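Student: A single structure is presented below for examination.
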Amino acid sequence: MRRAFDWFFRDRNTGAVVIGQWPNWPLWMFAAASALEWLLGAAMPGLPAPVFAGLRVLALVSLTIWALDEIVRGVNPWRRCLGGAVLIGIVVSLSLSGLGRP
């Protein structure tokens, strides 16, 4: 069990257990765009729809970049699986929302 834990959660370069890390710029962009969308929706609900759509697109693109970066450069299998799960969640969310339909 210990070997499986080490293989899944240990950073291959430092040997440290890495479950979460300080967010990088795509994750900060996702958080900022999502927070701004929420704040503007609460404070100024009459804003034009393109403002909210632009913020939502920025948030989704940023989160997609983060997920792809984790899949490619994650420090351990846990981080790569996390990126994959987030990417699957984005695809499912977009397909359920109808954005992929002509």
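Please note that chains go A, B, ... in the order of the structure tokens, that every chain numbers its residues from 1, and that ligands are numbered from 1 in the order shown.
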Give one line per residue of range 32-70 of chain A that approaches range 84-96 of chain A to at most 8 Å, naming the two atoms of the closest pair and their distance in Å to one decimal, counting only C-alpha atoms; sort by chain then ascending residue number and deliver it as a tab-separated table.
Tutor:
```
residue	atom	partner	partner_atom	distance
A:Leu60	CA	A:Ile90	CA	7.6
A:Thr64	CA	A:Leu87	CA	6.3
A:Ala67	CA	A:Leu87	CA	5.8
A:Leu68	CA	A:Leu87	CA	7.4
A:Glu70	CA	A:Gly84	CA	7.9
```
Student: Take the residues from that selection and put them in a file with all heavy atoms, as a PDB file, in the first residue's frame.
Tutor:
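New file selection.pdb:
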```
ATOM      1  N   LEU A  60     -13.416  29.329 -18.799  1.00  0.00           N
ATOM      2  CA  LEU A  60     -13.322  27.964 -19.323  1.00  0.00           C
ATOM      3  C   LEU A  60     -12.018  27.721 -20.080  1.00  0.00           C
ATOM      4  O   LEU A  60     -11.423  26.649 -19.950  1.00  0.00           O
ATOM      5  CB  LEU A  60     -14.519  27.659 -20.216  1.00  0.00           C
ATOM      6  CG  LEU A  60     -15.833  27.433 -19.480  1.00  0.00           C
ATOM      7  CD1 LEU A  60     -16.983  27.291 -20.471  1.00  0.00           C
ATOM      8  CD2 LEU A  60     -15.753  26.227 -18.574  1.00  0.00           C
ATOM      9  N   THR A  64      -9.230  25.056 -18.928  1.00  0.00           N
ATOM     10  CA  THR A  64      -8.804  24.038 -19.894  1.00  0.00           C
ATOM     11  C   THR A  64      -7.286  24.046 -20.040  1.00  0.00           C
ATOM     12  O   THR A  64      -6.650  22.982 -20.071  1.00  0.00           O
ATOM     13  CB  THR A  64      -9.478  24.278 -21.258  1.00  0.00           C
ATOM     14  OG1 THR A  64     -10.902  24.221 -21.072  1.00  0.00           O
ATOM     15  CG2 THR A  64      -9.040  23.253 -22.279  1.00  0.00           C
ATOM     16  N   ALA A  67      -5.871  22.388 -16.983  1.00  0.00           N
ATOM     17  CA  ALA A  67      -6.064  20.935 -16.997  1.00  0.00           C
ATOM     18  C   ALA A  67      -5.094  20.261 -17.969  1.00  0.00           C
ATOM     19  O   ALA A  67      -4.484  19.239 -17.634  1.00  0.00           O
ATOM     20  CB  ALA A  67      -7.506  20.603 -17.370  1.00  0.00           C
ATOM     21  N   LEU A  68      -4.942  20.825 -19.159  1.00  0.00           N
ATOM     22  CA  LEU A  68      -4.007  20.254 -20.131  1.00  0.00           C
ATOM     23  C   LEU A  68      -2.566  20.311 -19.619  1.00  0.00           C
ATOM     24  O   LEU A  68      -1.791  19.367 -19.812  1.00  0.00           O
ATOM     25  CB  LEU A  68      -4.126  20.984 -21.468  1.00  0.00           C
ATOM     26  CG  LEU A  68      -5.419  20.723 -22.237  1.00  0.00           C
ATOM     27  CD1 LEU A  68      -5.529  21.680 -23.417  1.00  0.00           C
ATOM     28  CD2 LEU A  68      -5.498  19.280 -22.687  1.00  0.00           C
ATOM     29  N   GLU A  70      -1.641  20.207 -16.490  1.00  0.00           N
ATOM     30  CA  GLU A  70      -1.505  19.166 -15.463  1.00  0.00           C
ATOM     31  C   GLU A  70      -1.361  17.792 -16.093  1.00  0.00           C
ATOM     32  O   GLU A  70      -0.578  16.963 -15.635  1.00  0.00           O
ATOM     33  CB  GLU A  70      -2.696  19.181 -14.504  1.00  0.00           C
ATOM     34  CG  GLU A  70      -2.686  20.320 -13.523  1.00  0.00           C
ATOM     35  CD  GLU A  70      -1.499  20.284 -12.566  1.00  0.00           C
ATOM     36  OE1 GLU A  70      -0.972  19.192 -12.255  1.00  0.00           O
ATOM     37  OE2 GLU A  70      -1.099  21.361 -12.116  1.00  0.00           O
TER      38      GLU A  70
END
```
Student: So how many Å separate CA of Gly83 in chain A and CA of Trp66 in chain A, to one decimal?
Tutor: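 Interatomic distance, CA of Gly83 in chain A to CA of Trp66 in chain A: 7.3 Å.
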Student: Using only C-alpha atoms, which residue out of A:Trp25, A:Trp38, A:Trp78, A:Phe9 lies closest to Leu63 in chain A?
Tutor: A:Trp25
Student: Report the distance between CA of Ala31 in chain A and CA of Ala53 in chain A in Å, rounded to one decimal place.
Tutor: 15.4 Å
Student: A:Gly15, A:Pro26, A:Gly98, A:Gly20: which is nearest Ala59 in chain A, counting only C-alpha atoms?
Tutor: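 Nearest candidate to Ala59 in chain A out of A:Gly15, A:Pro26, A:Gly98, A:Gly20: A:Pro26.
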Student: Near Phe8 in chain A, within 10 Å and counting only C-alpha atoms, which residues show up once chain neighbours fewer than 5 positions away are dropped, as a ChimeraX atom specification?
Tutor: /A:2-3,17-19,75-81
Student: Of the candidates A:Ala16, A:Leu36, A:Ala4, A:Leu27, which one gets nearest to Val51 in chain A if we count only C-alpha atoms?
Tutor: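 For Val51 in chain A, the nearest of the candidates is A:Leu36.
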Student: Just the alpha helix (DSSP H) stuff from range 27-79 of chain A, please, per backbone DSSP, written as JSON, numbers by chain.
Tutor: {"A": [27, 28, 29, 30, 31, 32, 33, 34, 35, 36, 37, 38, 39, 40, 41, 42, 43, 49, 50, 51, 52, 53, 54, 55, 56, 57, 58, 59, 60, 61, 62, 63, 64, 65, 66, 67, 68, 69, 70, 71, 72, 73, 77, 78, 79]}
Student: Go ahead and write the selection's residues with N, CA and C atoms as a compact mmCIF listing (two decimals), in the first residue's frame.
Tutor:
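Produced file again31.txt, reproduced below:
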```
# COMPACT_ATOMS: atom_id res chain seq x y z
N LEU A 27 -4.97 29.00 -13.44
CA LEU A 27 -5.95 28.80 -12.37
C LEU A 27 -6.33 30.12 -11.73
N TRP A 28 -5.38 31.05 -11.61
CA TRP A 28 -5.71 32.39 -11.11
C TRP A 28 -6.66 33.10 -12.07
N MET A 29 -6.44 32.96 -13.37
CA MET A 29 -7.33 33.58 -14.36
C MET A 29 -8.73 33.00 -14.27
N PHE A 30 -8.82 31.69 -14.11
CA PHE A 30 -10.13 31.05 -13.95
C PHE A 30 -10.84 31.59 -12.73
N ALA A 31 -10.13 31.66 -11.61
CA ALA A 31 -10.73 32.15 -10.37
C ALA A 31 -11.17 33.61 -10.50
N ALA A 32 -10.32 34.43 -11.10
CA ALA A 32 -10.64 35.86 -11.24
C ALA A 32 -11.83 36.06 -12.17
N ALA A 33 -11.86 35.38 -13.31
CA ALA A 33 -12.98 35.53 -14.25
C ALA A 33 -14.28 35.02 -13.65
N SER A 34 -14.22 33.90 -12.94
CA SER A 34 -15.42 33.35 -12.30
C SER A 34 -15.93 34.28 -11.21
N ALA A 35 -15.01 34.80 -10.40
CA ALA A 35 -15.41 35.70 -9.33
C ALA A 35 -15.99 37.00 -9.89
N LEU A 36 -15.37 37.54 -10.93
CA LEU A 36 -15.87 38.77 -11.55
C LEU A 36 -17.25 38.55 -12.17
N GLU A 37 -17.43 37.41 -12.81
CA GLU A 37 -18.74 37.08 -13.39
C GLU A 37 -19.80 37.02 -12.29
N TRP A 38 -19.47 36.38 -11.19
CA TRP A 38 -20.41 36.26 -10.08
C TRP A 38 -20.70 37.61 -9.45
N LEU A 39 -19.65 38.40 -9.21
CA LEU A 39 -19.83 39.72 -8.59
C LEU A 39 -20.63 40.66 -9.48
N LEU A 40 -20.33 40.69 -10.76
CA LEU A 40 -21.08 41.55 -11.67
C LEU A 40 -22.53 41.10 -11.80
N GLY A 41 -22.76 39.81 -11.79
CA GLY A 41 -24.12 39.29 -11.85
C GLY A 41 -24.93 39.68 -10.63
N ALA A 42 -24.27 39.72 -9.48
CA ALA A 42 -24.97 40.08 -8.24
C ALA A 42 -25.13 41.59 -8.12
N ALA A 43 -24.12 42.35 -8.54
CA ALA A 43 -24.15 43.81 -8.36
C ALA A 43 -24.87 44.52 -9.50
N ALA A 49 -25.42 40.57 -22.00
CA ALA A 49 -25.03 39.16 -21.97
C ALA A 49 -23.60 38.93 -22.49
N PRO A 50 -23.12 39.69 -23.50
CA PRO A 50 -21.75 39.43 -23.97
C PRO A 50 -20.68 39.62 -22.90
N VAL A 51 -20.94 40.47 -21.93
CA VAL A 51 -19.97 40.65 -20.83
C VAL A 51 -19.84 39.35 -20.06
N PHE A 52 -20.96 38.75 -19.71
CA PHE A 52 -20.95 37.50 -18.96
C PHE A 52 -20.42 36.35 -19.82
N ALA A 53 -20.77 36.34 -21.08
CA ALA A 53 -20.29 35.30 -21.98
C ALA A 53 -18.77 35.38 -22.13
N GLY A 54 -18.24 36.59 -22.25
CA GLY A 54 -16.80 36.76 -22.37
C GLY A 54 -16.07 36.29 -21.12
N LEU A 55 -16.61 36.60 -19.96
CA LEU A 55 -16.00 36.15 -18.71
C LEU A 55 -16.07 34.63 -18.58
N ARG A 56 -17.19 34.05 -19.01
CA ARG A 56 -17.34 32.59 -18.93
C ARG A 56 -16.35 31.91 -19.88
N VAL A 57 -16.20 32.45 -21.09
CA VAL A 57 -15.24 31.88 -22.05
C VAL A 57 -13.82 31.98 -21.49
N LEU A 58 -13.47 33.15 -20.94
CA LEU A 58 -12.14 33.31 -20.34
C LEU A 58 -11.91 32.30 -19.23
N ALA A 59 -12.93 32.10 -18.39
CA ALA A 59 -12.80 31.14 -17.28
C ALA A 59 -12.61 29.73 -17.82
N LEU A 60 -13.42 29.33 -18.80
CA LEU A 60 -13.32 27.96 -19.32
C LEU A 60 -12.02 27.72 -20.08
N VAL A 61 -11.57 28.70 -20.85
CA VAL A 61 -10.30 28.55 -21.56
C VAL A 61 -9.15 28.44 -20.56
N SER A 62 -9.18 29.27 -19.54
CA SER A 62 -8.12 29.23 -18.52
C SER A 62 -8.10 27.89 -17.80
N LEU A 63 -9.28 27.40 -17.43
CA LEU A 63 -9.34 26.11 -16.74
C LEU A 63 -8.90 24.97 -17.65
N THR A 64 -9.23 25.06 -18.93
CA THR A 64 -8.80 24.04 -19.89
C THR A 64 -7.29 24.05 -20.04
N ILE A 65 -6.69 25.22 -20.11
CA ILE A 65 -5.22 25.33 -20.20
C ILE A 65 -4.58 24.71 -18.95
N TRP A 66 -5.15 25.01 -17.79
CA TRP A 66 -4.63 24.44 -16.55
C TRP A 66 -4.71 22.91 -16.58
N ALA A 67 -5.87 22.39 -16.98
CA ALA A 67 -6.06 20.94 -17.00
C ALA A 67 -5.09 20.26 -17.97
N LEU A 68 -4.94 20.82 -19.16
CA LEU A 68 -4.01 20.25 -20.13
C LEU A 68 -2.57 20.31 -19.62
N ASP A 69 -2.21 21.41 -18.96
CA ASP A 69 -0.87 21.54 -18.38
C ASP A 69 -0.64 20.48 -17.31
N GLU A 70 -1.64 20.21 -16.49
CA GLU A 70 -1.51 19.17 -15.46
C GLU A 70 -1.36 17.79 -16.09
N ILE A 71 -2.12 17.53 -17.16
CA ILE A 71 -2.04 16.23 -17.83
C ILE A 71 -0.64 16.02 -18.41
N VAL A 72 -0.09 17.06 -19.01
CA VAL A 72 1.21 16.95 -19.67
C VAL A 72 2.38 17.06 -18.69
N ARG A 73 2.29 18.01 -17.75
CA ARG A 73 3.46 18.28 -16.90
C ARG A 73 3.21 18.07 -15.42
N PRO A 77 1.22 11.15 -10.81
CA PRO A 77 -0.01 10.65 -11.43
C PRO A 77 -1.28 11.27 -10.85
N TRP A 78 -1.29 11.61 -9.58
CA TRP A 78 -2.46 12.26 -8.98
C TRP A 78 -2.77 13.57 -9.70
N ARG A 79 -1.77 14.40 -9.92
CA ARG A 79 -1.98 15.69 -10.58
C ARG A 79 -2.43 15.48 -12.03
```
Student: Name the closest residue to Gln21 in chain A among the candidates A:Trp7, A:Met44, A:Met1, A:Gly74; distances are taken between atoms, counting only C-alpha atoms.
Tutor: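 Ranked by minimum distance to Gln21 in chain A, first place goes to A:Gly74.
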